[in-house]
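Data first, discussion second: the structure below is written as structure tokens.
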Amino acid sequence: MDAQVEKERGDEEKEGGQSTSILSPQLKAMIRIKKKYLKRSNSVRLSTNSAVSDGSLHPKSPQTRKSKRRKSRVLFPNDALIFKPKKERSGAKPFLLLFSVIVFIQVYNAIENLDDHVLKYDLEGLERSLHREVFGQPEALEELMEHLNDYLSTYAHQQPLALSLHGASGVGKSHLGRLLARHFRSMVDDKLVVHYLSKHHCPLQDAVQLCASKLSQRISEVVARAEEEEQIPFFILDEVELMPSPLLDILQTFLQSNQTNEFLNVVYVFLSSLGQRVITAHVLQNASTAGAHKPLRRALSLIHPLWMEPAVELIPLSLLEREHVIQCFLEEMTLEGFFPDLSHVERLADELAYHTAAVRQYAQTGCRQVVGKVNLL
Ligand SMILES: Nc1ncnc2c1ncn2[C@@H]1O[C@H](COP(=O)(O)OP(=O)(O)OP(=O)(O)O)[C@@H](O)[C@H]1O
């Protein structure tokens with residue numbers, strides 16, 4: 001150690017040469033300390049670099065320190081026996097998987113079937129044409145389509161569907177019946193769509209029993225045929241207000257849910273002016289048919305128990321406003337080859353009688369007189 005100090009002193013004297021005498025002892029001490037420090041740090045750097053280059057040491061960055069701390073796994077020597085706990089295989093797992101696959105396929109099939117049925121009857125096409133050709137009845141059409149969509153999306157049913165449409169004269173009941181018959185005839189076998197008009201099919205009041213048994217026979221035959229063809233038959237019965245009680249009795253028996261299967265897969269559409277007073281009063285007060293169902297059912301139940309059957313869905317048709325009558329005139333004039341002059345049509349519409357409620361005008365006979373008036377032009 002002393003020899004080292006002596007050596008350093010010698011060095012200083014060599015370096016300083018003549019200046020030795022000039023430097024103060026404190027300054028000399030500082031120079032000595034600095035040199036010593038530089039020497040040490042050089043030797044540390046050299047040894048670190050050599051360790052890094054031969055792979056025995058990595059430079060310690062904060063990251064390596066961090067990752068080292070994280071790896072706290074216990075390493076066993078290679079020849080040690082480690083008994084890990086055995087993984088238990090559940091026997092229920094494959095069954096659960098199989099079950100899930102079966103459920104998925106079933107649900108997928110059911111959805112496909114629903115789509116198939118709805119496509120088969122082209123209910124979207126029907127809805128489009130009804131909205132295009134029937135004026136002023138958006139609520140009724142919406143209800144009608146909802147019931148048809150629900151019912152026709154499956155083939156197995158607990159009861160038949162009976163849609164009973166009611167409304168005042170000239171609001172489009174027969175018009176709607178014709179459109180429905182035309183649509184379903186183009187979708188299913190023509191013979192499975194029966195369009196029954198009371199005045200035409202049962203004109204004589206004294207032959208009511210005969211009419212009733214004929215109607216019953218016709219329904220049974222068509223239903224049996226539909227069952228063979230795996231299709232749903234449609235019975236559209238117009239002018240139900242003219243049907244004598246025995247015919248309504250027959251219809252009621254076909255609406256029961258305790259019948260054989262084929263009689264449950266049937267759609268009936270009843271069109272009548274029964275209950276029109278209730279609907280007219282409701283529309284004049286509420287400007288809508290919404291909420292008219294309850295008073296309508298009450299009124300109909302007094303006429304015949306048929307309308308108390310759970311299978312029967314009531315659909316009230318609204319009164320037509322003046323603007324809808326104008327649409328009827330324009331349509332009819334175009335059909336008859338007349339130029340649909342709006343001022344002329346307005347004059348024709350003025351000739352009709354109206355109910356007035358708030359700012360609305362409802363035609364008392366709907367579009368009933370339109371054809372007659374256009375024919376006089
Ligand atoms: N809402 C409507 N949209 C388009 N046309 C209509 C509408 N209502 C009636 N019409 C037309 O008016 C005429 C008479 O209508 P429709 O025979 O359907 O009335 P209705 O409700 O059956 O009346 P009624 O109870 O007196 O027999 C038909 O030519 C029909 O095309």
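Note on naming: chains are A, B, ... as they come in the structure tokens, residues start from 1 per chain, ligands start from 1 in the order shown.
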
May I have the residues within 10 Å of Lys214 in chain A as a PDB file with C-alpha atoms, in the first residue's frame, using only C-alpha atoms and disregarding those fewer than 4 positions away in the same chain?
```pdb
ATOM      1  CA  HIS A 201    -124.956 -20.090 -51.352  1.00  0.00           C
ATOM      2  CA  CYS A 202    -128.061 -20.006 -49.173  1.00  0.00           C
ATOM      3  CA  VAL A 208    -131.788 -23.270 -43.872  1.00  0.00           C
ATOM      4  CA  GLN A 209    -131.303 -26.822 -42.542  1.00  0.00           C
ATOM      5  CA  LEU A 210    -130.250 -27.974 -45.988  1.00  0.00           C
ATOM      6  CA  ARG A 218    -118.267 -28.926 -47.669  1.00  0.00           C
ATOM      7  CA  ILE A 219    -116.042 -27.991 -44.726  1.00  0.00           C
ATOM      8  CA  SER A 220    -115.439 -31.678 -43.835  1.00  0.00           C
ATOM      9  CA  LEU A 247    -125.396 -22.092 -40.009  1.00  0.00           C
TER      10      LEU A 247
END
```

Nearby residues, ligand 1, 8 Å, only C-alpha atoms and all ligand atoms, as a PyMOL selection string: chain A and resi 133-137+167-177+239+271-273+320+324-325+327-328+332+365-371

All strand (DSSP E or B) residues (DSSP, backbone) inside range 73-272 of chain A, as a list in words: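 Listing strand (DSSP E or B) positions across range 73-272 of chain A yields Leu161, Ala162, Leu163, Ser164, Leu165, His166, Val193, Val194, His195, Tyr196, Leu197, Phe234, Phe235, Ile236, Leu237, Asp238, Val267, Tyr268, Val269, Phe270, Leu271 and Ser272 of chain A.
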
Could you name the residues that touch range 295-299 of chain A at 10 Å or less, counting only C-alpha atoms, but leaving out those on the same chain fewer than 2 positions away, as a list in words? His166, Leu274, Gly275, Gln276, Arg277, Val278, Ile279, His282, Gly291, Ala292, His293, Ser301, Leu302, Ile303, His304, Trp307, Met308, Val312, Glu313, Leu314, Ile315 and Pro316 of chain A

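Using only C-alpha atoms, the contacts of Gln361 in chain A at a cut-off of 6 Å, with sequence neighbours closer than 4 positions omitted, comprise Glu321, Arg322, Tyr354, His355 and Thr356 of chain A.
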
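Residue nearest Ala207 in chain A, chosen from A:Met243, A:Leu179, A:Ala224, A:Ala358 and counting only C-alpha atoms: A:Met243.
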